>>> print(open('run37.cif').read())   # mmCIF, C-alpha atoms
data_start
loop_
_atom_site.label_atom_id
_atom_site.label_comp_id
_atom_site.auth_asym_id
_atom_site.auth_seq_id
_atom_site.Cartn_x
_atom_site.Cartn_y
_atom_site.Cartn_z
CA MET U 180 133.55 87.11 62.69
CA PRO U 181 135.20 88.69 65.71
CA LEU U 182 134.20 91.73 67.68
CA PHE U 183 136.47 94.79 67.53
CA SER U 184 137.68 96.79 70.52
CA VAL U 185 140.07 99.65 71.31
CA LEU U 186 143.24 99.51 73.42
CA ASP U 187 144.34 103.01 74.41
CA LEU U 188 147.64 103.57 76.20
CA ALA U 189 146.86 107.30 76.37
CA PRO U 190 150.06 108.07 74.45
CA VAL U 191 151.63 111.47 75.06
CA PRO U 192 152.88 112.80 71.70
CA GLN U 193 155.96 114.97 71.45
CA GLY U 194 154.92 118.60 71.82
CA PHE U 195 152.10 117.78 74.23
CA VAL U 196 151.53 117.04 77.93
CA PRO U 197 149.62 114.27 79.76
CA GLY U 198 146.50 116.43 80.02
CA ASP U 199 146.39 116.62 76.23
CA ALA U 200 146.76 112.85 75.99
CA LEU U 201 143.92 112.26 78.44
CA ARG U 202 141.64 114.69 76.61
CA ASN U 203 142.48 112.81 73.40
CA THR U 204 141.50 109.59 75.18
CA LEU U 205 138.09 110.98 76.09
CA ASP U 206 137.54 112.22 72.53
CA LEU U 207 138.58 108.91 70.99
CA ALA U 208 136.33 107.04 73.42
CA ARG U 209 133.30 109.11 72.42
CA HIS U 210 133.99 108.36 68.76
CA ALA U 211 134.65 104.65 69.39
CA ASP U 212 131.31 104.43 71.19
CA ALA U 213 129.52 106.09 68.29
CA TRP U 214 131.30 103.90 65.71
CA GLY U 215 130.19 100.75 67.49
CA TYR U 216 133.36 99.31 69.03
CA ASN U 217 132.75 96.67 71.69
CA ARG U 218 135.21 97.68 74.43
CA TYR U 219 137.55 100.50 75.34
CA TRP U 220 140.46 99.38 77.51
CA LEU U 221 143.26 101.29 79.20
CA ALA U 222 146.53 99.91 80.54
CA GLU U 223 148.50 100.41 83.74
CA HIS U 224 152.07 101.63 83.22
CA HIS U 225 154.24 103.59 85.64
CA ASN U 226 157.19 105.97 85.30
CA MET U 227 156.77 106.21 81.52
CA ILE U 228 156.55 109.80 80.31
CA GLY U 229 154.91 108.71 77.05
CA ILE U 230 151.93 106.96 78.68
CA ALA U 231 149.31 108.89 80.67
CA SER U 232 147.10 106.03 81.97
CA ALA U 233 149.00 105.18 85.19
CA ALA U 234 145.93 105.89 87.35
CA THR U 235 144.00 103.38 85.27
CA ALA U 236 140.80 103.13 87.33
CA VAL U 237 140.51 106.92 87.41
CA VAL U 238 140.78 107.16 83.62
CA ILE U 239 138.32 104.29 83.16
CA GLY U 240 135.79 106.22 85.24
CA GLN U 241 136.25 109.32 83.08
CA VAL U 242 135.87 107.30 79.87
CA ALA U 243 132.75 105.56 81.15
CA ALA U 244 131.29 108.96 82.08
CA VAL U 245 131.54 110.33 78.53
CA THR U 246 130.29 107.19 76.76
CA GLY U 247 127.00 105.36 76.86
CA ARG U 248 127.17 101.86 75.37
CA ILE U 249 130.76 100.72 74.94
CA ARG U 250 132.23 98.51 77.68
CA VAL U 251 135.14 100.17 79.48
CA GLY U 252 137.90 98.44 81.38
CA SER U 253 141.53 97.62 82.00
CA GLY U 254 143.92 95.98 79.64
CA GLY U 255 145.16 95.60 82.19
CA ILE U 256 145.53 96.20 85.87
CA MET U 257 148.87 94.74 86.99
CA LEU U 258 147.47 92.87 89.97
CA PRO U 259 150.78 92.13 91.78
CA ASN U 260 151.15 95.92 92.23
CA HIS U 261 147.97 96.05 94.31
CA SER U 262 145.93 94.52 97.08
CA PRO U 263 143.05 92.47 95.60
CA LEU U 264 140.74 94.21 98.08
CA VAL U 265 141.66 97.66 96.77
CA ILE U 266 141.08 96.58 93.16
CA ALA U 267 137.75 94.99 94.13
CA GLU U 268 136.69 98.27 95.74
CA GLN U 269 137.86 100.38 92.79
CA PHE U 270 136.17 98.28 90.13
CA GLY U 271 133.16 97.62 92.34
CA THR U 272 132.76 101.39 92.52
CA LEU U 273 133.05 101.69 88.74
CA GLU U 274 130.47 98.93 88.28
CA ALA U 275 128.11 100.66 90.74
CA LEU U 276 128.37 103.87 88.75
CA TYR U 277 128.25 102.29 85.27
CA PRO U 278 126.44 98.96 85.71
CA GLY U 279 127.02 96.29 83.08
CA ARG U 280 129.79 98.21 81.31
CA ILE U 281 132.98 97.54 83.31
CA ASP U 282 135.68 94.94 82.53
CA LEU U 283 138.65 94.00 84.71
CA GLY U 284 141.60 92.65 82.73
CA LEU U 285 144.46 91.42 84.92
CA GLY U 286 148.14 91.10 84.17
CA ARG U 287 151.06 89.59 86.10
CA ALA U 288 153.88 91.89 84.94
CA PRO U 289 154.79 95.04 86.90
CA GLY U 290 154.20 97.40 83.97
CA THR U 291 157.33 99.32 84.90
CA ASP U 292 161.02 99.11 85.80
CA GLN U 293 162.61 97.64 88.93
CA MET U 294 163.19 101.01 90.64
CA THR U 295 159.54 101.99 90.19
CA LEU U 296 158.46 98.54 91.32
CA ARG U 297 160.13 99.26 94.67
CA ALA U 298 158.50 102.71 94.78
CA LEU U 299 155.12 101.01 94.36
CA ARG U 300 155.94 99.04 97.55
CA ARG U 301 155.53 95.88 95.57
CA ASP U 302 156.74 92.61 97.09
CA PRO U 303 159.23 91.09 94.61
CA ALA U 304 157.52 87.71 95.12
CA ALA U 305 154.05 89.09 94.33
CA ALA U 306 154.03 87.77 90.76
CA ASP U 307 154.34 84.23 92.11
CA ARG U 308 151.06 84.71 93.97
CA PHE U 309 149.20 85.97 90.89
CA PRO U 310 146.87 82.92 90.56
CA GLN U 311 145.95 83.12 94.24
CA ASP U 312 145.43 86.89 94.02
CA VAL U 313 143.12 86.44 91.02
CA GLN U 314 141.03 83.95 92.98
CA GLU U 315 140.97 86.24 96.02
CA LEU U 316 139.76 89.09 93.83
CA GLN U 317 137.18 86.81 92.24
CA ALA U 318 135.85 85.91 95.69
CA LEU U 319 135.66 89.57 96.74
CA LEU U 320 133.54 90.39 93.67
CA ALA U 321 131.26 87.36 94.16
CA PRO U 322 127.95 87.50 96.07
CA ILE U 323 128.38 88.09 99.79
CA GLU U 324 128.17 84.88 101.82
CA PRO U 325 126.38 84.71 105.20
CA GLY U 326 128.84 85.54 107.94
CA GLN U 327 131.48 86.85 105.52
CA LYS U 328 133.84 89.07 107.51
CA LEU U 329 135.87 90.71 104.72
CA ARG U 330 133.84 92.54 102.12
CA ALA U 331 134.60 94.89 99.24
CA VAL U 332 132.20 97.83 99.53
CA PRO U 333 131.33 98.54 96.78
CA GLY U 334 132.39 95.38 94.96
CA GLY U 335 130.90 92.41 96.76
CA GLY U 336 128.21 90.88 94.57
CA SER U 337 129.10 93.06 91.57
CA ARG U 338 130.45 90.15 89.52
CA VAL U 339 132.68 92.45 87.47
CA PRO U 340 133.92 90.12 84.69
CA LEU U 341 137.58 89.21 84.98
CA TRP U 342 139.96 88.65 82.09
CA ILE U 343 143.45 87.17 82.15
CA LEU U 344 146.00 89.02 80.04
CA GLY U 345 149.26 87.50 78.92
CA SER U 346 152.00 87.06 76.35
CA SER U 347 153.07 83.52 77.25
CA LEU U 348 151.63 80.10 77.98
CA PHE U 349 151.32 80.90 81.70
CA GLY U 350 148.39 83.26 81.23
CA ALA U 351 146.74 80.92 78.73
CA GLN U 352 146.92 78.03 81.19
CA LEU U 353 145.59 80.12 84.08
CA ALA U 354 142.69 81.54 82.05
CA ALA U 355 141.79 78.02 80.93
CA ILE U 356 141.91 76.55 84.44
CA LEU U 357 139.81 79.36 85.91
CA GLY U 358 137.38 79.42 82.98
CA LEU U 359 138.00 83.09 82.19
CA PRO U 360 138.27 85.00 78.91
CA TYR U 361 141.84 85.47 77.71
CA ALA U 362 143.54 88.40 75.98
CA PHE U 363 146.92 87.86 74.30
CA ALA U 364 149.30 90.81 73.91
CA SER U 365 150.33 90.06 70.34
CA HIS U 366 150.36 93.78 69.52
CA PHE U 367 153.87 93.84 71.03
CA ALA U 368 154.75 90.21 71.88
CA PRO U 369 153.46 87.97 69.09
CA GLU U 370 155.92 85.10 69.32
CA ALA U 371 153.83 82.69 71.44
CA LEU U 372 150.43 83.70 70.04
CA MET U 373 149.40 80.47 68.32
CA PRO U 374 150.67 78.08 71.03
CA ALA U 375 148.94 80.19 73.68
CA LEU U 376 145.62 80.14 71.83
CA GLU U 377 145.83 76.38 71.35
CA THR U 378 146.66 75.87 75.03
CA TYR U 379 143.82 78.10 76.17
CA ARG U 380 141.20 76.50 73.96
CA SER U 381 142.24 72.90 74.52
CA ARG U 382 142.43 73.19 78.32
CA PHE U 383 139.48 75.50 78.94
CA GLU U 384 137.19 74.48 81.81
CA PRO U 385 133.75 76.14 81.85
CA SER U 386 133.02 78.41 84.79
CA GLU U 387 130.16 80.42 86.19
CA GLN U 388 131.47 83.47 84.33
CA GLN U 389 132.40 81.84 81.02
CA ALA U 390 130.75 78.79 79.45
CA LYS U 391 133.18 78.53 76.53
CA PRO U 392 136.56 80.01 75.57
CA HIS U 393 136.72 83.62 74.47
CA ALA U 394 140.06 84.64 73.02
CA MET U 395 140.93 88.27 72.37
CA VAL U 396 144.00 89.04 70.27
CA GLY U 397 145.89 92.33 70.30
CA VAL U 398 146.99 93.96 67.04
CA ASN U 399 148.18 97.33 65.79
CA VAL U 400 146.14 98.94 63.04
CA ILE U 401 147.32 102.10 61.31
CA ALA U 402 144.84 103.01 58.59
CA ALA U 403 144.82 106.05 56.32
CA GLU U 404 143.57 107.14 52.91
CA THR U 405 146.58 105.58 51.17
CA ASP U 406 149.07 102.83 51.94
CA ALA U 407 151.91 105.36 51.76
CA GLU U 408 150.34 107.70 54.31
CA ALA U 409 149.61 104.82 56.69
CA ARG U 410 153.19 103.57 56.44
CA ARG U 411 154.41 107.05 57.27
CA LEU U 412 152.12 107.27 60.31
CA PHE U 413 153.42 103.88 61.43
CA THR U 414 156.95 105.24 61.72
CA SER U 415 155.96 106.80 65.06
CA ALA U 416 155.47 103.35 66.58
CA GLN U 417 158.58 102.03 64.84
CA GLN U 418 160.66 104.85 66.30
CA ALA U 419 159.15 104.31 69.74
CA PHE U 420 160.11 100.63 69.77
CA THR U 421 163.59 101.45 68.50
CA ASN U 422 163.99 104.04 71.25
CA MET U 423 162.95 101.44 73.81
CA PHE U 424 165.80 99.16 72.69
CA ARG U 425 168.16 102.12 72.99
CA GLY U 426 167.03 102.78 76.54
CA THR U 427 165.60 106.16 75.57
CA ARG U 428 161.87 105.79 76.16
CA GLY U 429 160.10 109.09 75.75
CA LEU U 430 157.11 110.83 74.20
CA LEU U 431 155.53 109.43 71.04
CA PRO U 432 157.57 110.90 68.16
CA PRO U 433 156.05 112.42 65.03
CA PRO U 434 156.26 110.37 61.83
CA ILE U 435 159.26 110.58 59.55
CA ASP U 436 159.63 110.09 55.82
CA ASP U 437 162.28 107.35 55.89
CA ILE U 438 162.41 104.94 58.82
CA GLU U 439 165.37 103.10 57.25
CA THR U 440 167.64 106.02 58.10
CA TYR U 441 166.52 105.89 61.73
CA TRP U 442 167.17 102.30 62.81
CA THR U 443 170.02 99.88 62.35
CA PRO U 444 169.42 96.49 60.67
CA ALA U 445 169.46 94.82 64.10
CA GLU U 446 166.99 97.33 65.54
CA LYS U 447 164.76 96.91 62.49
CA ALA U 448 164.68 93.15 62.94
CA GLN U 449 163.87 93.42 66.64
CA ALA U 450 161.21 96.11 66.28
CA SER U 451 159.61 94.46 63.26
CA GLY U 452 159.43 91.18 65.14
CA MET U 453 157.62 92.77 68.05
CA LEU U 454 155.31 94.65 65.66
CA ALA U 455 154.61 91.63 63.45
CA CYS U 456 150.87 91.71 64.24
CA SER U 457 150.41 95.12 62.64
CA PHE U 458 148.14 96.00 59.75
CA VAL U 459 149.13 99.18 58.01
CA GLY U 460 147.57 100.72 54.92
CA ALA U 461 144.45 101.96 53.23
CA ALA U 462 141.11 100.28 54.00
CA GLU U 463 141.44 97.43 51.51
CA THR U 464 145.01 96.63 52.54
CA VAL U 465 143.98 96.49 56.20
CA ARG U 466 140.89 94.43 55.38
CA ALA U 467 142.87 91.82 53.47
CA GLY U 468 145.50 91.53 56.19
CA LEU U 469 142.97 91.26 58.99
CA ALA U 470 140.95 88.66 57.09
CA ARG U 471 144.03 86.42 56.87
CA PHE U 472 144.87 87.01 60.53
CA ILE U 473 141.34 86.21 61.69
CA ALA U 474 141.33 83.02 59.65
CA GLN U 475 144.68 82.03 61.14
CA THR U 476 143.82 82.75 64.79
CA GLY U 477 140.06 82.20 64.96
CA ALA U 478 139.99 85.15 67.38
CA ASP U 479 136.69 85.92 69.06
CA GLU U 480 137.69 89.55 69.47
CA ILE U 481 140.35 91.87 68.06
CA MET U 482 141.79 94.50 70.43
CA VAL U 483 143.30 97.32 68.39
CA ALA U 484 146.10 99.67 69.41
CA ALA U 485 147.11 102.64 67.26
CA ALA U 486 150.15 104.68 68.29
CA ILE U 487 149.62 107.66 65.97
CA HIS U 488 151.14 111.04 66.79
CA ASP U 489 148.42 113.24 65.29
CA HIS U 490 145.08 112.93 67.10
CA ALA U 491 142.98 113.62 64.00
CA ALA U 492 144.86 110.93 62.09
CA ARG U 493 144.33 108.51 64.97
CA LEU U 494 140.60 109.18 64.94
CA ARG U 495 140.52 108.65 61.20
CA SER U 496 142.40 105.36 61.52
CA TYR U 497 139.79 103.95 63.91
CA GLU U 498 136.99 105.32 61.71
CA ILE U 499 138.43 103.53 58.68
CA LEU U 500 138.80 100.35 60.74
CA ALA U 501 135.13 100.52 61.73
CA GLY U 502 134.29 100.45 58.03
CA VAL U 503 136.71 97.57 57.49
CA ALA U 504 135.01 95.60 60.26
CA THR U 505 131.67 96.10 58.56
CA ALA U 506 133.19 94.92 55.28
CA LEU U 507 134.44 91.80 57.09
CA GLY U 508 130.89 91.07 58.20
CA THR U 509 131.09 91.91 61.90
CA PRO U 510 128.87 94.36 63.78
CA LEU U 511 131.92 95.38 65.96
CA ARG U 512 129.85 95.44 69.19
CA ALA U 513 128.17 92.40 70.69
CA PRO U 514 124.38 92.73 71.00
CA GLN U 515 124.81 91.70 74.65
CA THR U 516 128.10 91.25 76.46
CA ALA U 517 128.67 89.27 79.60
#
>>> encode(input="run37.cif", output="structure tokens")
Amino acid sequence: MPLFSVLDLAPVPQGFVPGDALRNTLDLARHADAWGYNRYWLAEHHNMIGIASAATAVVIGQVAAVTGRIRVGSGGIMLPNHSPLVIAEQFGTLEALYPGRIDLGLGRAPGTDQMTLRALRRDPAAADRFPQDVQELQALLAPIEPGQKLRAVPGGGSRVPLWILGSSLFGAQLAAILGLPYAFASHFAPEALMPALETYRSRFEPSEQQAKPHAMVGVNVIAAETDAEARRLFTSAQQAFTNMFRGTRGLLPPPIDDIETYWTPAEKAQASGMLACSFVGAAETVRAGLARFIAQTGADEIMVAAAIHDHAARLRSYEILAGVATALGTPLRAPQTA
């Protein structure tokens, strides 16, 4: 059975500010560590008032500082926004401070809009160099060679494990060629999930980091005491996706009693398609849905997002899921992780 991990976008709920969201992140991380989750990942997004994890490496350091066993990392760093050397230094520093607990998931997308992309000083052609940048970063994190002129300090020799993130066949192919673990963003882009997993597994070439394929699959889980309460909590995410289509991104809205009065049929179809890999309900409903999904995908790890407006309800959702994972026969956390 797969491992279970947490994906936290540090959502800023309506009525709150980014500081509240980041304090919620630290609290959720402490609980996730105690409940036995395998990883706690944060994602890089810019110019989005509803997401507080833009300074991803900074937040990862704070999360690692308040936890003791759970692996902490990025899901992901959008590498074309950065110099590979800077990322090697940042994550080499994190690894030096929290040895054996840091992951570096890498994405090719900008994680923002075109205006902000220019503000980041990003070269528009940077995405085309993503495979080369990944290899450059890999080399900077590898053991220092005699006579090596360019070094990441800290970073060189740290061997921080790299992951390739994606929502298309491109990332699956690259992860397979480089022999790296692969995380698919099916929590918001599920359409190519099965072809991507097949491509990754069939083309995987063993590497020094990874002897065999390791596929992580993103899902949304909204769990509560009853199916009805979970469905109501889920309306926050449904509204947020609808707002995105309307061009009105904002803070995470509170739940509503009737989502059907909020979206049009076209918006419902679009949002529901993007949220197809969502498991919403009481413990048994979530368990049954996840069991089918795991059988279908053969995932080695499930990365769980939960856009829930109320922090206490979000904590409870992950607590229920920890019990579901136990019922499915998984210990959540790997005894030893690479």
>>> closest_residue(input="run37.cif", among="U:Gly284, U:Gly397, U:Gly502, U:Gly350", to="Pro310 in chain U", atoms="only C-alpha atoms")
U:Gly350
>>> closest_residue(input="run37.cif", among="U:Leu299, U:Leu283, U:Val332, U:Val265", to="Leu359 in chain U", atoms="all atoms listed in the file")
U:Leu283
>>> residues_near_point(input="run37.cif", point="(140.9, 112.7, 62.2)", cutoff="12 Å", atoms="only C-alpha atoms", output="PyMOL selection string")
chain U and resi 203+206-207+210+402-404+487-499
>>> resolve_selection(input="run37.cif", expression="the PyMOL selection byres ((chain U and resi 322) around 12)", output="PyMOL selection string")
chain U and resi 271+317-321+323-325+327+330-339
>>> write_last_selection(input="run37.cif", atoms="C-alpha atoms", output="short mmCIF file (atom, residue, chain, number, x, y, z; two decimals), in the coordinates of the input")
data_model
loop_
_atom_site.label_atom_id
_atom_site.label_comp_id
_atom_site.auth_asym_id
_atom_site.auth_seq_id
_atom_site.Cartn_x
_atom_site.Cartn_y
_atom_site.Cartn_z
CA GLY U 271 133.16 97.62 92.34
CA GLN U 317 137.18 86.81 92.24
CA ALA U 318 135.85 85.91 95.69
CA LEU U 319 135.66 89.57 96.74
CA LEU U 320 133.54 90.39 93.67
CA ALA U 321 131.26 87.36 94.16
CA ILE U 323 128.38 88.09 99.79
CA GLU U 324 128.17 84.88 101.82
CA PRO U 325 126.38 84.71 105.20
CA GLN U 327 131.48 86.85 105.52
CA ARG U 330 133.84 92.54 102.12
CA ALA U 331 134.60 94.89 99.24
CA VAL U 332 132.20 97.83 99.53
CA PRO U 333 131.33 98.54 96.78
CA GLY U 334 132.39 95.38 94.96
CA GLY U 335 130.90 92.41 96.76
CA GLY U 336 128.21 90.88 94.57
CA SER U 337 129.10 93.06 91.57
CA ARG U 338 130.45 90.15 89.52
CA VAL U 339 132.68 92.45 87.47
#
>>> atom_distance(input="run37.cif", atom1="CA of Ile356 in chain U", atom2="CA of Asp307 in chain U")
16.5 Å
>>> residues_around(input="run37.cif", residues="range 466-480 of chain U", least_positions_apart="6", cutoff="9 Å", atoms="all atoms listed in the file", output="number ranges by chain")
U: 180-184, 217, 362, 372-373, 376, 392-397, 456-459, 500, 503-504, 506-507, 511
>>> closest_residue(input="run37.cif", among="U:Gly229, U:Gly279, U:Gly452, U:Gly358", to="Gln388 in chain U", atoms="all atoms listed in the file")
U:Gly358
>>> closest_residue(input="run37.cif", among="U:Ala233, U:Leu273, U:Ala513, U:Gly460", to="Arg248 in chain U", atoms="only C-alpha atoms")
U:Ala513
>>> closest_residue(input="run37.cif", among="U:Phe367, U:Phe270, U:Phe195, U:Phe309", to="Gly240 in chain U", atoms="all atoms listed in the file")
U:Phe270
>>> atom_distance(input="run37.cif", atom1="CA of Arg425 in chain U", atom2="CA of Thr295 in chain U")
19.2 Å
>>> closest_residue(input="run37.cif", among="U:Met423, U:Ile481, U:Leu186, U:Ala275", to="Ala222 in chain U", atoms="all atoms listed in the file")
U:Leu186
>>> residues_around(input="run37.cif", residues="Phe413 in chain U", least_positions_apart="6", cutoff="9 Å", atoms="all atoms listed in the file", output="JSON, numbers by chain")
{"U": [400, 401, 434, 459, 485, 486, 487]}
>>> residues_around(input="run37.cif", residues="Trp442 in chain U", least_positions_apart="5", cutoff="8 Å", atoms="only C-alpha atoms", output="JSON list (two decimals) with C-alpha atoms, in the frame of the given file")
[["chain", "number", "residue", "atom", "x", "y", "z"],
["U", 418, "GLN", "CA", 160.66, 104.85, 66.30],
["U", 421, "THR", "CA", 163.59, 101.45, 68.50],
["U", 447, "LYS", "CA", 164.76, 96.91, 62.49]]
>>> resolve_selection(input="run37.cif", expression="the PyMOL selection byres ((chain U and resi 238) around 10)", output="ChimeraX atom specification")
/U:189,201,204-205,220-222,231-237,239-244,251-253
